[in-house]
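Just upload_24.cif here, mmCIF, C-alpha atoms:
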```cif
data_target
loop_
_atom_site.label_atom_id
_atom_site.label_comp_id
_atom_site.auth_asym_id
_atom_site.auth_seq_id
_atom_site.Cartn_x
_atom_site.Cartn_y
_atom_site.Cartn_z
CA MET A 352 -3.17 9.39 -23.35
CA SER A 353 -4.27 12.56 -21.64
CA THR A 354 -3.57 12.61 -17.92
CA PRO A 355 -4.23 15.55 -15.55
CA ALA A 356 -0.51 16.40 -15.69
CA ARG A 357 -0.43 16.43 -19.49
CA ARG A 358 -3.68 18.34 -19.75
CA ARG A 359 -2.34 20.98 -17.40
CA LEU A 360 0.99 21.17 -19.29
CA MET A 361 -0.88 21.82 -22.54
CA ARG A 362 -2.66 24.67 -20.75
CA ASP A 363 0.63 26.03 -19.41
CA PHE A 364 2.06 25.98 -22.92
CA LYS A 365 -1.00 27.67 -24.40
CA ARG A 366 -0.75 30.42 -21.83
CA LEU A 367 2.95 30.98 -22.54
CA GLN A 368 2.07 31.47 -26.21
CA GLU A 369 -0.96 33.67 -25.69
CA ASP A 370 0.41 35.76 -22.86
CA PRO A 371 4.20 35.52 -23.04
CA PRO A 372 5.93 36.86 -19.93
CA THR A 373 8.82 39.28 -20.41
CA GLY A 374 12.28 37.86 -20.52
CA VAL A 375 11.50 34.16 -20.32
CA SER A 376 10.40 31.51 -22.79
CA ALA A 377 9.81 27.79 -22.73
CA VAL A 378 8.76 25.00 -25.10
CA PRO A 379 8.14 21.29 -24.61
CA THR A 380 10.71 19.11 -26.36
CA ASN A 381 9.57 17.59 -29.64
CA ASN A 382 8.56 14.16 -28.51
CA ASN A 383 8.05 14.60 -24.80
CA ILE A 384 5.67 17.06 -23.15
CA MET A 385 7.09 16.09 -19.76
CA LEU A 386 10.48 17.64 -20.65
CA TRP A 387 10.75 21.33 -21.56
CA ASN A 388 13.57 23.59 -22.67
CA ALA A 389 13.51 27.11 -21.35
CA ILE A 390 15.45 30.34 -21.64
CA ILE A 391 15.71 33.11 -19.09
CA PHE A 392 17.15 36.42 -20.20
CA GLY A 393 19.23 38.14 -17.54
CA PRO A 394 17.24 41.08 -16.09
CA SER A 395 18.42 44.51 -17.26
CA ASP A 396 20.34 46.79 -14.89
CA THR A 397 21.81 43.75 -13.15
CA PRO A 398 25.14 41.98 -13.71
CA PHE A 399 23.09 39.23 -15.40
CA GLU A 400 21.91 41.64 -18.13
CA ASP A 401 22.20 40.28 -21.68
CA GLY A 402 22.69 36.70 -20.49
CA THR A 403 20.64 34.04 -22.28
CA PHE A 404 20.48 31.22 -19.78
CA ARG A 405 19.20 27.82 -20.79
CA LEU A 406 17.29 25.54 -18.45
CA THR A 407 15.47 22.24 -18.55
CA ILE A 408 12.20 21.64 -16.75
CA GLU A 409 11.27 18.05 -16.07
CA PHE A 410 7.72 17.17 -14.96
CA THR A 411 6.27 13.98 -13.53
CA GLU A 412 2.72 12.64 -13.77
CA GLU A 413 2.16 14.15 -10.32
CA TYR A 414 2.38 17.70 -11.72
CA PRO A 415 0.88 20.11 -10.68
CA ASN A 416 0.59 18.51 -7.26
CA LYS A 417 4.38 18.12 -7.22
CA PRO A 418 6.81 20.72 -8.57
CA PRO A 419 8.94 20.01 -11.65
CA THR A 420 12.72 19.61 -11.48
CA VAL A 421 14.35 22.72 -12.89
CA LYS A 422 18.02 22.91 -13.83
CA PHE A 423 20.26 25.44 -15.46
CA VAL A 424 22.00 23.97 -18.48
CA SER A 425 24.04 27.11 -19.07
CA LYS A 426 26.84 27.64 -16.61
CA MET A 427 25.58 29.72 -13.70
CA PHE A 428 27.35 31.58 -10.93
CA HIS A 429 24.80 32.34 -8.25
CA PRO A 430 24.52 31.80 -4.47
CA ASN A 431 21.40 29.63 -4.85
CA VAL A 432 22.42 27.48 -7.83
CA TYR A 433 24.39 24.24 -7.34
CA SER A 434 27.31 23.32 -9.55
CA ASP A 435 25.12 20.78 -11.40
CA GLY A 436 22.69 23.57 -12.31
CA SER A 437 19.92 22.65 -9.85
CA LEU A 438 18.35 25.39 -7.80
CA CYS A 439 17.63 26.12 -4.21
CA LEU A 440 14.32 27.97 -4.45
CA ASP A 441 11.53 27.64 -1.89
CA ILE A 442 8.64 27.61 -4.37
CA LEU A 443 10.23 24.60 -6.11
CA GLN A 444 10.58 22.80 -2.81
CA ASN A 445 8.67 23.12 0.44
CA ARG A 446 6.54 26.06 -0.66
CA TRP A 447 5.32 24.65 -3.94
CA SER A 448 1.69 25.34 -4.80
CA PRO A 449 -0.15 23.90 -7.82
CA THR A 450 -1.24 27.45 -8.62
CA TYR A 451 2.27 28.13 -10.02
CA ASP A 452 2.56 27.40 -13.72
CA VAL A 453 5.61 27.29 -15.99
CA SER A 454 5.38 31.00 -16.58
CA ALA A 455 5.31 31.77 -12.84
CA ILE A 456 8.21 29.39 -12.15
CA LEU A 457 10.45 31.01 -14.76
CA THR A 458 9.52 34.52 -13.67
CA SER A 459 10.44 33.61 -10.07
CA ILE A 460 13.79 32.22 -11.17
CA GLN A 461 14.43 35.37 -13.16
CA SER A 462 13.80 37.47 -10.03
CA LEU A 463 16.03 35.17 -7.99
CA LEU A 464 18.98 36.02 -10.26
CA ASP A 465 19.29 39.53 -8.90
CA GLU A 466 17.77 38.82 -5.48
CA PRO A 467 19.82 35.92 -4.16
CA ASN A 468 19.44 34.55 -0.68
CA PRO A 469 23.07 34.25 0.47
CA ASN A 470 21.97 32.79 3.81
CA SER A 471 21.14 29.39 2.35
CA PRO A 472 23.91 29.05 -0.20
CA ALA A 473 24.05 26.31 -2.81
CA ASN A 474 27.30 27.82 -4.06
CA SER A 475 29.27 29.03 -1.06
CA LEU A 476 31.90 30.87 -3.11
CA ALA A 477 29.20 32.86 -4.92
CA ALA A 478 27.49 33.60 -1.61
CA GLN A 479 30.71 34.73 0.04
CA LEU A 480 31.73 36.98 -2.85
CA TYR A 481 28.20 38.38 -3.05
CA LEU A 482 28.41 39.41 0.59
CA GLU A 483 32.05 40.40 0.87
CA ASN A 484 33.40 41.36 -2.53
CA ARG A 485 30.62 42.48 -4.84
CA ARG A 486 33.08 43.63 -7.55
CA GLU A 487 34.62 40.19 -7.84
CA TYR A 488 31.14 38.61 -7.72
CA GLU A 489 29.99 40.76 -10.63
CA LYS A 490 33.12 39.92 -12.61
CA LYS A 491 32.35 36.22 -12.26
CA VAL A 492 28.71 36.80 -13.21
CA ILE A 493 29.72 38.75 -16.32
CA ALA A 494 31.99 35.86 -17.30
CA ILE A 495 29.08 33.39 -17.25
CA VAL A 496 26.90 35.92 -19.11
CA GLU A 497 29.51 35.88 -21.90
CA GLN A 498 29.65 32.09 -21.83
CA SER A 499 25.87 31.96 -22.22
CA TRP A 500 26.19 33.64 -25.65
CA VAL A 501 28.64 31.05 -26.87
CA ASN A 502 26.19 28.26 -26.12
CA THR A 503 23.42 30.14 -27.95
CA ASP A 504 25.12 29.56 -31.31
CA GLY A 505 24.03 25.92 -31.44
CA ASP A 506 20.57 24.60 -32.08
CA ALA A 507 18.33 25.61 -29.19
CA ASP A 508 17.01 22.16 -28.41
CA GLU A 509 20.39 20.61 -28.74
CA ALA A 510 22.06 23.17 -26.52
CA ALA A 511 19.43 22.72 -23.89
CA SER A 512 19.81 18.96 -23.93
CA THR A 513 23.50 18.97 -23.15
CA GLY A 514 24.13 17.81 -19.66
CA ARG A 515 21.19 15.43 -19.89
CA THR A 516 21.63 11.77 -20.53
CA THR A 517 21.16 11.18 -24.21
CA ARG A 518 19.27 8.15 -25.38
CA SER A 519 20.57 6.18 -28.29
CA MET B 461 34.68 21.11 1.22
CA THR B 462 32.32 23.61 -0.34
CA ALA B 463 28.62 23.37 -0.87
CA GLU B 464 29.41 22.99 -4.56
CA ALA B 465 31.04 19.63 -3.96
CA ASP B 466 27.85 18.30 -2.47
CA PRO B 467 24.88 18.94 -4.73
CA MET B 468 22.48 17.24 -2.29
CA SER B 469 21.74 19.93 0.27
CA HIS B 470 20.42 19.25 3.72
CA ASP B 471 17.04 20.51 2.51
CA ASP B 472 17.03 18.01 -0.33
CA ASN B 473 17.70 15.19 2.11
CA VAL B 474 14.84 16.29 4.31
CA ILE B 475 12.56 16.60 1.28
CA ALA B 476 13.57 13.14 0.05
CA GLN B 477 12.85 11.68 3.46
CA MET B 478 9.48 13.43 3.67
CA ASP B 479 8.62 12.15 0.19
CA GLN B 480 9.35 8.62 1.37
CA ILE B 481 7.15 9.08 4.45
CA SER B 482 4.29 10.37 2.26
CA LYS B 483 4.67 7.38 -0.03
CA ASP B 484 4.53 5.00 2.94
CA ILE B 485 1.34 6.68 4.18
CA ALA B 486 -0.17 6.62 0.68
CA ASN B 487 0.45 2.89 0.38
CA LYS B 488 -1.29 2.22 3.67
CA SER B 489 -4.46 4.31 3.44
CA PRO B 490 -6.81 5.56 0.73
CA LEU B 491 -7.34 9.32 0.39
CA VAL B 492 -10.90 8.86 1.68
CA SER B 493 -11.84 5.52 3.28
CA GLU B 494 -15.12 3.66 3.74
CA PRO B 495 -16.77 4.39 7.11
CA GLU B 496 -16.01 2.11 10.04
CA PRO B 497 -17.29 1.91 13.64
CA VAL B 498 -15.94 4.58 16.00
CA GLU B 499 -15.22 1.68 18.38
CA ASN B 500 -12.31 0.73 16.12
CA LEU B 501 -10.38 3.76 17.36
CA LYS B 502 -10.00 2.12 20.78
CA SER B 503 -7.46 -0.34 19.47
CA GLU B 504 -5.13 2.55 18.61
CA TYR B 505 -5.02 3.77 22.20
CA THR B 506 -4.96 0.71 24.41
CA GLN B 507 -2.22 2.23 26.59
CA ASN B 508 -3.65 5.72 26.73
CA HIS B 509 -6.40 6.20 29.28
CA GLY B 510 -7.06 9.87 28.53
CA PHE B 511 -7.77 9.03 24.90
CA LEU B 512 -9.68 5.85 25.68
CA ALA B 513 -12.10 7.64 27.98
CA LYS B 514 -12.82 10.21 25.31
CA ILE B 515 -13.36 7.66 22.61
CA GLU B 516 -15.78 5.87 24.92
CA HIS B 517 -17.70 9.17 25.17
CA LEU B 518 -17.46 9.61 21.41
CA THR B 519 -19.16 6.26 20.75
CA LYS B 520 -22.25 7.54 22.58
CA SER B 521 -22.85 10.36 20.07
CA TYR B 522 -21.22 9.03 16.91
CA SER B 523 -21.42 5.64 15.28
CA LYS B 524 -19.08 5.83 12.30
CA ILE B 525 -15.78 7.41 11.34
CA ARG B 526 -14.55 7.91 7.79
CA ARG B 527 -10.79 8.17 7.75
CA VAL B 528 -9.05 10.67 5.51
CA ARG B 529 -5.39 10.21 4.60
CA GLY B 530 -3.01 12.08 6.90
CA ASP B 531 -1.05 13.84 4.18
CA GLY B 532 -1.40 17.45 5.29
CA ASN B 533 -4.53 17.87 3.17
CA CYS B 534 -6.85 15.97 5.52
CA PHE B 535 -8.88 18.94 6.73
CA TYR B 536 -9.37 20.38 3.23
CA ARG B 537 -10.13 16.99 1.72
CA ALA B 538 -12.56 16.03 4.50
CA TYR B 539 -14.30 19.39 4.19
CA ALA B 540 -14.62 19.15 0.40
CA TYR B 541 -15.91 15.58 0.65
CA THR B 542 -18.60 16.48 3.20
CA LEU B 543 -19.54 19.53 1.12
CA PHE B 544 -20.03 17.44 -2.04
CA ASP B 545 -22.02 14.86 -0.11
CA ALA B 546 -24.21 17.48 1.60
CA CYS B 547 -24.87 19.44 -1.63
CA LYS B 548 -26.21 16.30 -3.28
CA ARG B 549 -28.74 15.80 -0.49
CA ASP B 550 -29.68 19.39 0.37
CA ALA B 551 -31.09 21.53 -2.46
CA ALA B 552 -31.07 24.77 -0.45
CA LEU B 553 -27.41 24.31 0.45
CA ARG B 554 -26.63 23.42 -3.17
CA ASP B 555 -28.22 26.63 -4.49
CA ARG B 556 -26.39 28.71 -1.93
CA VAL B 557 -23.03 27.09 -2.65
CA PHE B 558 -23.36 27.42 -6.44
CA LYS B 559 -24.42 31.02 -6.11
CA LYS B 560 -21.32 31.71 -4.05
CA LEU B 561 -19.03 29.73 -6.36
CA ASP B 562 -20.27 31.81 -9.32
CA THR B 563 -18.66 34.86 -7.74
CA THR B 564 -15.45 33.29 -6.46
CA LEU B 565 -13.31 33.26 -9.60
CA ALA B 566 -13.53 37.01 -10.20
CA TRP B 567 -13.16 37.59 -6.45
CA LEU B 568 -9.97 35.51 -6.16
CA VAL B 569 -8.39 37.09 -9.23
CA GLN B 570 -9.21 40.53 -7.88
CA LEU B 571 -7.46 39.55 -4.64
CA GLY B 572 -4.34 38.81 -6.67
CA MET B 573 -4.47 35.03 -7.21
CA PRO B 574 -2.96 33.98 -10.57
CA SER B 575 -5.92 34.11 -12.95
CA PHE B 576 -4.82 31.42 -15.34
CA THR B 577 -4.33 28.61 -12.84
CA THR B 578 -7.11 29.77 -10.51
CA GLU B 579 -9.56 29.51 -13.40
CA ASP B 580 -8.48 25.92 -14.04
CA PHE B 581 -9.03 24.93 -10.39
CA HIS B 582 -12.30 26.87 -10.21
CA ASP B 583 -13.75 25.30 -13.35
CA THR B 584 -12.73 21.81 -12.29
CA PHE B 585 -14.26 22.26 -8.84
CA VAL B 586 -17.56 23.70 -10.09
CA GLU B 587 -17.91 21.17 -12.89
CA THR B 588 -17.13 18.21 -10.63
CA LEU B 589 -19.56 19.40 -7.96
CA LYS B 590 -22.24 20.00 -10.58
CA ASN B 591 -21.75 16.55 -12.09
CA HIS B 592 -21.98 15.00 -8.66
CA CYS B 593 -25.19 16.86 -7.81
CA ASP B 594 -26.76 16.05 -11.20
CA SER B 595 -25.88 12.42 -11.65
CA GLY B 596 -23.31 11.35 -9.07
CA THR B 597 -23.57 8.30 -6.87
CA TYR B 598 -21.84 7.33 -3.65
CA ASP B 599 -19.45 5.18 -5.67
CA SER B 600 -18.63 7.92 -8.16
CA LEU B 601 -17.99 10.34 -5.28
CA MET B 602 -15.59 7.89 -3.65
CA GLU B 603 -13.90 7.40 -7.01
CA THR B 604 -13.51 11.16 -7.50
CA PHE B 605 -12.02 11.70 -4.06
CA ASN B 606 -9.68 8.74 -4.33
CA ASN B 607 -8.33 9.73 -7.73
CA ASP B 608 -5.07 11.52 -6.84
CA GLY B 609 -5.10 14.07 -9.63
CA MET B 610 -8.78 14.99 -9.29
CA SER B 611 -8.92 14.88 -5.50
CA ASN B 612 -5.90 17.17 -5.21
CA TYR B 613 -7.39 19.61 -7.74
CA LEU B 614 -10.44 19.93 -5.49
CA VAL B 615 -8.19 20.46 -2.46
CA VAL B 616 -6.31 23.25 -4.24
CA TYR B 617 -9.55 25.10 -4.91
CA VAL B 618 -10.68 25.00 -1.28
CA ARG B 619 -7.21 26.21 -0.33
CA LEU B 620 -7.67 29.12 -2.76
CA LEU B 621 -11.05 29.94 -1.20
CA THR B 622 -9.44 29.83 2.25
CA SER B 623 -6.70 32.20 1.10
CA GLY B 624 -9.25 34.52 -0.45
CA GLN B 625 -11.33 34.75 2.70
CA LEU B 626 -8.27 35.29 4.93
CA GLN B 627 -7.02 38.09 2.69
CA GLN B 628 -10.42 39.70 2.28
CA ASP B 629 -10.95 39.73 6.06
CA SER B 630 -7.33 40.44 6.81
CA ASP B 631 -8.28 42.96 9.57
CA GLU B 632 -9.98 40.18 11.46
CA TYR B 633 -7.33 37.51 10.97
CA LEU B 634 -4.01 39.35 10.88
CA PRO B 635 -3.87 40.02 14.65
CA PHE B 636 -3.59 36.24 15.23
CA VAL B 637 -0.41 35.95 13.18
CA GLU B 638 1.02 39.44 13.53
CA GLY B 639 4.75 39.52 14.10
CA LEU B 640 5.14 36.14 12.41
CA TYR B 641 4.07 37.23 8.93
CA LYS B 642 4.19 40.71 7.48
CA ASP B 643 0.70 40.47 6.01
CA MET B 644 -2.07 38.02 5.28
CA LYS B 645 -0.75 37.39 1.77
CA GLU B 646 2.55 36.15 3.16
CA PHE B 647 0.67 33.95 5.64
CA CYS B 648 -1.38 32.45 2.80
CA ASP B 649 1.67 31.93 0.55
CA LYS B 650 3.43 30.06 3.35
CA GLU B 651 0.67 28.42 5.37
CA VAL B 652 -2.32 27.88 3.08
CA MET B 653 -1.30 27.45 -0.56
CA PRO B 654 1.74 25.14 -0.34
CA VAL B 655 0.88 21.53 -1.10
CA ASP B 656 0.33 19.40 2.00
CA ARG B 657 0.35 22.34 4.44
CA GLU B 658 -1.99 21.49 7.33
CA ALA B 659 -4.96 23.65 8.26
CA ASP B 660 -5.19 25.35 11.61
CA HIS B 661 -8.09 27.11 13.31
CA LEU B 662 -7.70 30.28 11.20
CA GLN B 663 -7.89 28.41 7.90
CA ILE B 664 -10.89 26.40 9.11
CA LYS B 665 -12.80 29.47 10.21
CA ALA B 666 -12.06 31.27 6.94
CA LEU B 667 -13.19 28.38 4.74
CA THR B 668 -16.42 27.70 6.64
CA GLU B 669 -17.24 31.40 6.41
CA CYS B 670 -16.41 31.61 2.73
CA LEU B 671 -18.83 28.83 1.75
CA SER B 672 -21.29 29.38 4.63
CA PHE B 673 -20.99 25.66 5.25
CA PRO B 674 -20.37 25.36 9.00
CA LEU B 675 -18.99 22.38 10.82
CA LYS B 676 -18.57 20.92 14.25
CA LEU B 677 -15.11 19.94 15.40
CA VAL B 678 -14.88 17.23 18.00
CA TYR B 679 -11.53 17.32 19.79
CA VAL B 680 -10.09 14.19 21.25
CA ASP B 681 -6.76 14.37 23.05
CA ARG B 682 -5.14 13.07 26.23
CA SER B 683 -6.64 15.69 28.56
CA GLU B 684 -9.21 14.81 31.26
CA GLY B 685 -12.97 14.74 30.63
CA GLY B 686 -15.11 14.11 27.55
CA PRO B 687 -14.39 15.30 24.01
CA THR B 688 -14.54 19.06 23.46
CA GLU B 689 -16.93 20.20 20.75
CA LEU B 690 -16.54 23.41 18.84
CA VAL B 691 -18.95 24.84 16.31
CA ILE B 692 -17.37 26.94 13.51
CA PRO B 693 -18.39 29.66 12.85
CA ASP B 694 -19.74 30.50 16.29
CA GLY B 695 -23.50 30.19 16.67
CA SER B 696 -24.10 28.20 13.46
CA SER B 697 -25.86 24.83 13.42
CA PRO B 698 -23.72 22.47 11.36
CA ASP B 699 -24.83 19.11 9.97
CA VAL B 700 -21.29 17.93 9.56
CA SER B 701 -18.81 16.82 12.21
CA LEU B 702 -15.09 16.30 11.91
CA LEU B 703 -13.03 14.47 14.47
CA TYR B 704 -9.81 16.21 15.45
CA ARG B 705 -7.00 14.27 17.00
CA PRO B 706 -3.75 16.21 17.39
CA GLY B 707 -2.51 16.90 13.86
CA HIS B 708 -5.30 15.07 12.05
CA TYR B 709 -8.91 15.31 10.89
CA ASP B 710 -11.40 12.56 9.99
CA ILE B 711 -15.15 12.64 9.27
CA LEU B 712 -17.68 11.58 11.94
CA TYR B 713 -21.26 10.33 11.46
CA ASP B 714 -24.08 10.23 14.02
#
```
Translate the structure of the given file into structure tokens.
Amino acid sequence: MSTPARRRLMRDFKRLQEDPPTGVSAVPTNNNIMLWNAIIFGPSDTPFEDGTFRLTIEFTEEYPNKPPTVKFVSKMFHPNVYSDGSLCLDILQNRWSPTYDVSAILTSIQSLLDEPNPNSPANSLAAQLYLENRREYEKKVIAIVEQSWVNTDGDADEAASTGRTTRS
Amino acid sequence: MTAEADPMSHDDNVIAQMDQISKDIANKSPLVSEPEPVENLKSEYTQNHGFLAKIEHLTKSYSKIRRVRGDGNCFYRAYAYTLFDACKRDAALRDRVFKKLDTTLAWLVQLGMPSFTTEDFHDTFVETLKNHCDSGTYDSLMETFNNDGMSNYLVVYVRLLTSGQLQQDSDEYLPFVEGLYKDMKEFCDKEVMPVDREADHLQIKALTECLSFPLKLVYVDRSEGGPTELVIPDGSSPDVSLLYRPGHYDILYD
């Protein structure tokens, strides 16, 4: 059945195909338009360069009035990303507006990678290193960039589903 | 302990709590209610003489109040509802509003709103208003405004129009928020576009100017004397009145 949330998600998907933003991509999972797999490529000229980071985006029927839940599936080392992969990003929380679509969400997350907000840390070690020892911070980031390639070898959908509860 | 050990941040707790409060409110009141006598308000303020005196005054000029859910969208929802209702009855207003709406999509995109989603909200708003004016009834209007998905789509479009007007007339509005926000765009991103963000005087003035659909605000609070009435924009002669009680708007009828 088509609901406003599903109708809007079809539009979001159509736009991603017709007007793909640079450095990000996303597709709904095969049997569920409410659950998407996404990839963000690390922005060039940053320590995240060459990383291929996997995420899941989970919508509810209240979308776009409520934001989706976005999580990194790939290991991430970033001041505003929690150890379970969830993000601390204002537009996904108290500054959400229904005018953001999937493309805008992913583009914002991509910008967040190199513009962290160390003042509201989700990962206090990352925040501390970012502020006090940038060399060490970048070393840790490069390590997770390399890990992101290893995960890429598997099937895209499968890789992006790891960390989620699998249904039998 | 590090923040990593505790994936639920303080913010998440606050958000979860606010979600619960919104759900409680949603279960208690429809988005837009049927009108009821203004007298009914008295029962909410039996201990508050300042309020009671004003409501007594209010009953002399207004007979009915239509409550709008207090979810942060009340001003925008009340305004959109009264606009739909008025357009159905007033052909001159309808022509003026549609003429304006025809220009708003290109205008908003030019001001930097995201074209793809703005178009969706624009088309939904225009189509729904048109359907209401062509063949809508009171019941279908109530159904539209009480359908979460649809009602919120309409709210988003009036928020976009508010943002557009504030940014277009930034010279006029920025002095009121200067020092707090670096420009009008930042103000709109933080105080107009986020879901459930309440409207203040600036937003109200901008929206009434954008659609040239003025309104009268009737303020009721605990201060001495009768209710204060304010016409927005200045010097207009509105057909629509909204009741303002601190933090909340409802619709009033003569």
Within 9 Å of chain B: residues of chain A, using only C-alpha atoms, as number ranges by chain: A: 354-356, 359, 362-363, 366, 412-417, 432-435, 437, 439, 442, 444-452, 455, 472-476
Spatial neighbours of His708 (chain B), 10 Å, all atoms listed in the file, chain gap at least 3 places, as a list in words: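 Near neighbours after the sequence-gap exclusion: Arg527, Val528, Arg529, Gly530, Asp531, Gly532, Asn533, Cys534, Phe535, Glu658, Ala659, Leu702, Leu703, Tyr704 and Arg705 of chain B.
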Expected file contents, prior selection, C-alpha atoms, as a CSV table (one decimal), in the coordinates of the input:
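Result went into part.csv, see below:
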```csv
chain,number,residue,atom,x,y,z
B,527,ARG,CA,-10.8,8.2,7.8
B,528,VAL,CA,-9.0,10.7,5.5
B,529,ARG,CA,-5.4,10.2,4.6
B,530,GLY,CA,-3.0,12.1,6.9
B,531,ASP,CA,-1.0,13.8,4.2
B,532,GLY,CA,-1.4,17.4,5.3
B,533,ASN,CA,-4.5,17.9,3.2
B,534,CYS,CA,-6.8,16.0,5.5
B,535,PHE,CA,-8.9,18.9,6.7
B,658,GLU,CA,-2.0,21.5,7.3
B,659,ALA,CA,-5.0,23.6,8.3
B,702,LEU,CA,-15.1,16.3,11.9
B,703,LEU,CA,-13.0,14.5,14.5
B,704,TYR,CA,-9.8,16.2,15.4
B,705,ARG,CA,-7.0,14.3,17.0
```
Exercise: residues within 10 Å of coordinate (-15.8, 31.7, 15.4), counting all atoms listed in the file, as a list in words: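 Residues lying no farther than 10 Å from the given point: His661, Leu662, Ile664, Lys665, Ala666, Thr668, Glu669, Leu690, Val691, Ile692, Pro693, Asp694, Gly695 and Ser696 of chain B.
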Take the residues that were just selected and, keeping C-alpha atoms, output them as a PDB file, keeping the file's coordinate frame.
```
ATOM      1  CA  HIS B 661      -8.090  27.110  13.310  1.00  0.00           C
ATOM      2  CA  LEU B 662      -7.700  30.280  11.200  1.00  0.00           C
ATOM      3  CA  ILE B 664     -10.890  26.400   9.110  1.00  0.00           C
ATOM      4  CA  LYS B 665     -12.800  29.470  10.210  1.00  0.00           C
ATOM      5  CA  ALA B 666     -12.060  31.270   6.940  1.00  0.00           C
ATOM      6  CA  THR B 668     -16.420  27.700   6.640  1.00  0.00           C
ATOM      7  CA  GLU B 669     -17.240  31.400   6.410  1.00  0.00           C
ATOM      8  CA  LEU B 690     -16.540  23.410  18.840  1.00  0.00           C
ATOM      9  CA  VAL B 691     -18.950  24.840  16.310  1.00  0.00           C
ATOM     10  CA  ILE B 692     -17.370  26.940  13.510  1.00  0.00           C
ATOM     11  CA  PRO B 693     -18.390  29.660  12.850  1.00  0.00           C
ATOM     12  CA  ASP B 694     -19.740  30.500  16.290  1.00  0.00           C
ATOM     13  CA  GLY B 695     -23.500  30.190  16.670  1.00  0.00           C
ATOM     14  CA  SER B 696     -24.100  28.200  13.460  1.00  0.00           C
TER      15      SER B 696
END
```
Length of the CA of Cys593 (chain B) to CA of Phe558 (chain B) vector [Å]: 10.8 Å
Once the PyMOL selection byres ((chain A and resi 458) around 9) has been applied to the shown file, what residues remain in the selection, as a CSV table (one decimal) with C-alpha atoms, in the frame of the given file?
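Dumped everything to part19.csv:
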```csv
chain,number,residue,atom,x,y,z
A,372,PRO,CA,5.9,36.9,-19.9
A,373,THR,CA,8.8,39.3,-20.4
A,374,GLY,CA,12.3,37.9,-20.5
A,375,VAL,CA,11.5,34.2,-20.3
A,391,ILE,CA,15.7,33.1,-19.1
A,453,VAL,CA,5.6,27.3,-16.0
A,454,SER,CA,5.4,31.0,-16.6
A,455,ALA,CA,5.3,31.8,-12.8
A,456,ILE,CA,8.2,29.4,-12.2
A,457,LEU,CA,10.4,31.0,-14.8
A,459,SER,CA,10.4,33.6,-10.1
A,460,ILE,CA,13.8,32.2,-11.2
A,461,GLN,CA,14.4,35.4,-13.2
A,462,SER,CA,13.8,37.5,-10.0
A,463,LEU,CA,16.0,35.2,-8.0
```
Interatomic distance, CA of Thr588 (chain B) to CA of Thr604 (chain B) (Å, one decimal): 8.5 Å
Residue with smallest distance to Phe423 (chain A) - pool A:Ala389, A:Leu360, A:Ser395, A:Leu443, counting only C-alpha atoms: A:Ala389
Coordinates-based distance that separates CA of Lys559 (chain B) from CA of Leu675 (chain B) (Å, one decimal): 19.8 Å
Residues matched by the PyMOL selection byres ((chain A and resi 396-399) around 7), written as number ranges by chain: A: 393-395, 400-402, 465, 489, 492-493, 496
Given the PyMOL selection byres ((chain A and resi 405) around 8), the residues it picks as a ChimeraX atom specification: /A:388-391,403-404,406-407,423-425,499,510-511
Hey, what's within 12 Å of Asp550 (chain B) if we count only C-alpha atoms and toss same-chain stuff fewer than 6 positions away? As a short mmCIF file (atom, residue, chain, number, x, y, z; two decimals) with C-alpha atoms, in the frame of the given file, please?
```
data_model
loop_
_atom_site.label_atom_id
_atom_site.label_comp_id
_atom_site.auth_asym_id
_atom_site.auth_seq_id
_atom_site.Cartn_x
_atom_site.Cartn_y
_atom_site.Cartn_z
CA THR B 542 -18.60 16.48 3.20
CA LEU B 543 -19.54 19.53 1.12
CA PHE B 544 -20.03 17.44 -2.04
CA ARG B 556 -26.39 28.71 -1.93
CA VAL B 557 -23.03 27.09 -2.65
CA CYS B 593 -25.19 16.86 -7.81
CA PHE B 673 -20.99 25.66 5.25
CA ASP B 699 -24.83 19.11 9.97
#
```
